[in-house]
Amino acid sequence: MSAERLPGLPRPLDRGALARLGDRSDPTATAMAVVLLLAAVELVIVAVHPSTGVLLHAFLAVALLEAASRATWRRQADLLTALAVVPVVRIVTLAMVGPDLPPVAWAGLPLLLMLGSTLLAARVIGSSSGGSWSATLGLARPREAAVTAGVIAAGVPAGLILGMAQAPILGRVGIGLTELLLIAALAALAEELLFRGLLQRVLADAVGSTAAIGLATVPFAAIYLGTGSVAGVMGVAGLGLLLGWAANRTGSTWPAVAGHLSAGISMALVASLVNA
Amino acid sequence: MSMSKRHAVVMRVPNLASLWEGGDWIIRAMSSTLTRLAAEFALTSPFQELSTTLGLVAVALVVVLLVRREVTRAAGGAGATARMRLLDLAIVPLLVAAAVVLGTRVAHLAG
């Protein structure tokens with residue numbers, strides 16, 4: 001049979017090429033699709049029922065881990081691995097909320113597990129790229145001290161507004177100042193290491209730093225849909241963009257942690273004063 | 001489930017429409033685990049509902065992932081260790097969460 005093919009005829013099915021299709025897919029499209037799915041599931045949690053959303057997160061986590069284990073392109077595998085951490089931590093966050101546990105436990109323990117998941121994912125990604133987990137998370141000394149100082153300063157007024165608004169609900173939950181400060185510190189470390197340290201840096205490797213700041217902010221803001229305020233979610237998104245920019249500018253995740261911490265501490269102090 | 005029971009369950013959880021009512025333009029969170037939804041869910045939902053719905057998903061998922069891990073280990077081959085490490089990053093936190101959920105359930109039954 002002649003090797004020459006008539007024009008217009010379809011090429012024979014190449015199963016190997018089909019298998020490799022996922023590896024050559026556009027990382028930006030993959031990242032955007034998964035990030036939008038994560039945001040959609042967060043919307044289901046708020047609009048339909050938390051258990052429906054948690055079930056969808058479970059499917060998403062299994063699918064992402066399966067896809068990551070089958071990917072042969074390292075960046076694609078790293079991207080899917082980092083994205084898989086988000087649904088896992090959301091399941092943990094919501095599954096551990098319980099009236100039988102003290103508030104500091106159901107608010108703090110999931111944050112510890114979020115931190116653990118992020119460190120495990122950083123170890124997996126770091127070993128695949130030949131780097132360390134701390135380099136994967138961007139735990140280097142920040143380049144520009146002025147940016148870090150600016151982010152910390154910006155966190156204070158944000159925390160004051162948050163504290164005034166959050167005081168009634170915190171009063172109802174019954175959380176004291178010490179517990180609030182503990183949760184604020186844990187939240188700053190766990191959330192920033194996940195979203196700015198792991199997710200944003202892996203996304204930057206795949207889609208570029210500017211797109212990565214925006215893409216990492218979407219799930220960060222989406223998990224705050226539970227605040228029940230559109231302006232609140234927009235405010236969190238704005239804070240996420242600022243912290244993402246600072247992390248990108250300084251080449252370190254520490255300024256983002258510091259900015260988040262300053263907002264959390266100010267908020268805890270104000271909420272405590274209002275309730276007192 | 002009867003319609004009245006189903007309605008009662010839905011009413012306990014704030015939906016998007018009710019959260020947007022009244023021009024609620026205030027930020028209400030200090031961490032993703034301490035949002036209004038989480039607080040209201042913990043304060044208003046009975047233990048049975050929380051443990052049966054959310055806890056069940058976490059426990060079921062960790063079982064699925066543990067089975068998948070064992071299948072990967074048994075199959076062996078190149079990359080099996082890397083795949084197991086990948087699964088571990090979901091298994092470890094979910095296992096702790098499942099232990100807490102099951103522990104509180106046992107304590108609830110005992111108490």
# chains A, B, ... in the order shown; residues from 1 in each chain; ligands from 1
$ residues_around --residues "Leu225 in chain A" --least-positions-apart "5" --cutoff "7 Å" --atoms "only C-alpha atoms" --output "VMD selection string"
chain A and resid 42 46 233
$ closest_residue --among "A:Thr93, A:Thr72, A:Ser266, A:Ser209" --to "Pro50 in chain A" --atoms "only C-alpha atoms"
A:Thr93
$ residues_around --residues "Leu102 in chain B" --least-positions-apart "3" --cutoff "10 Å" --atoms "only C-alpha atoms" --output "list in words"
Ser51, Gly55, Leu56, Val59, Val96, Ala97, Ala98, Ala99, Arg105, Val106, Ala107 and His108 of chain B
$ residues_around --residues "Thr136 in chain A" --least-positions-apart "2" --cutoff "12 Å" --atoms "only C-alpha atoms" --output "NGL selection string"
:A and (78 or 82 or 118-134 or 138-140 or 193-194 or 196-205 or 251-253)
$ residues_around --residues "Leu239 in chain A" --least-positions-apart "6" --cutoff "10 Å" --atoms "only C-alpha atoms" --output "list in words"
Val151, Ala154, Gly155, Ala158, Thr217, Phe220, Ala221, Val233, Trp245, Ala256, Gly259, His260 and Ala263 of chain A
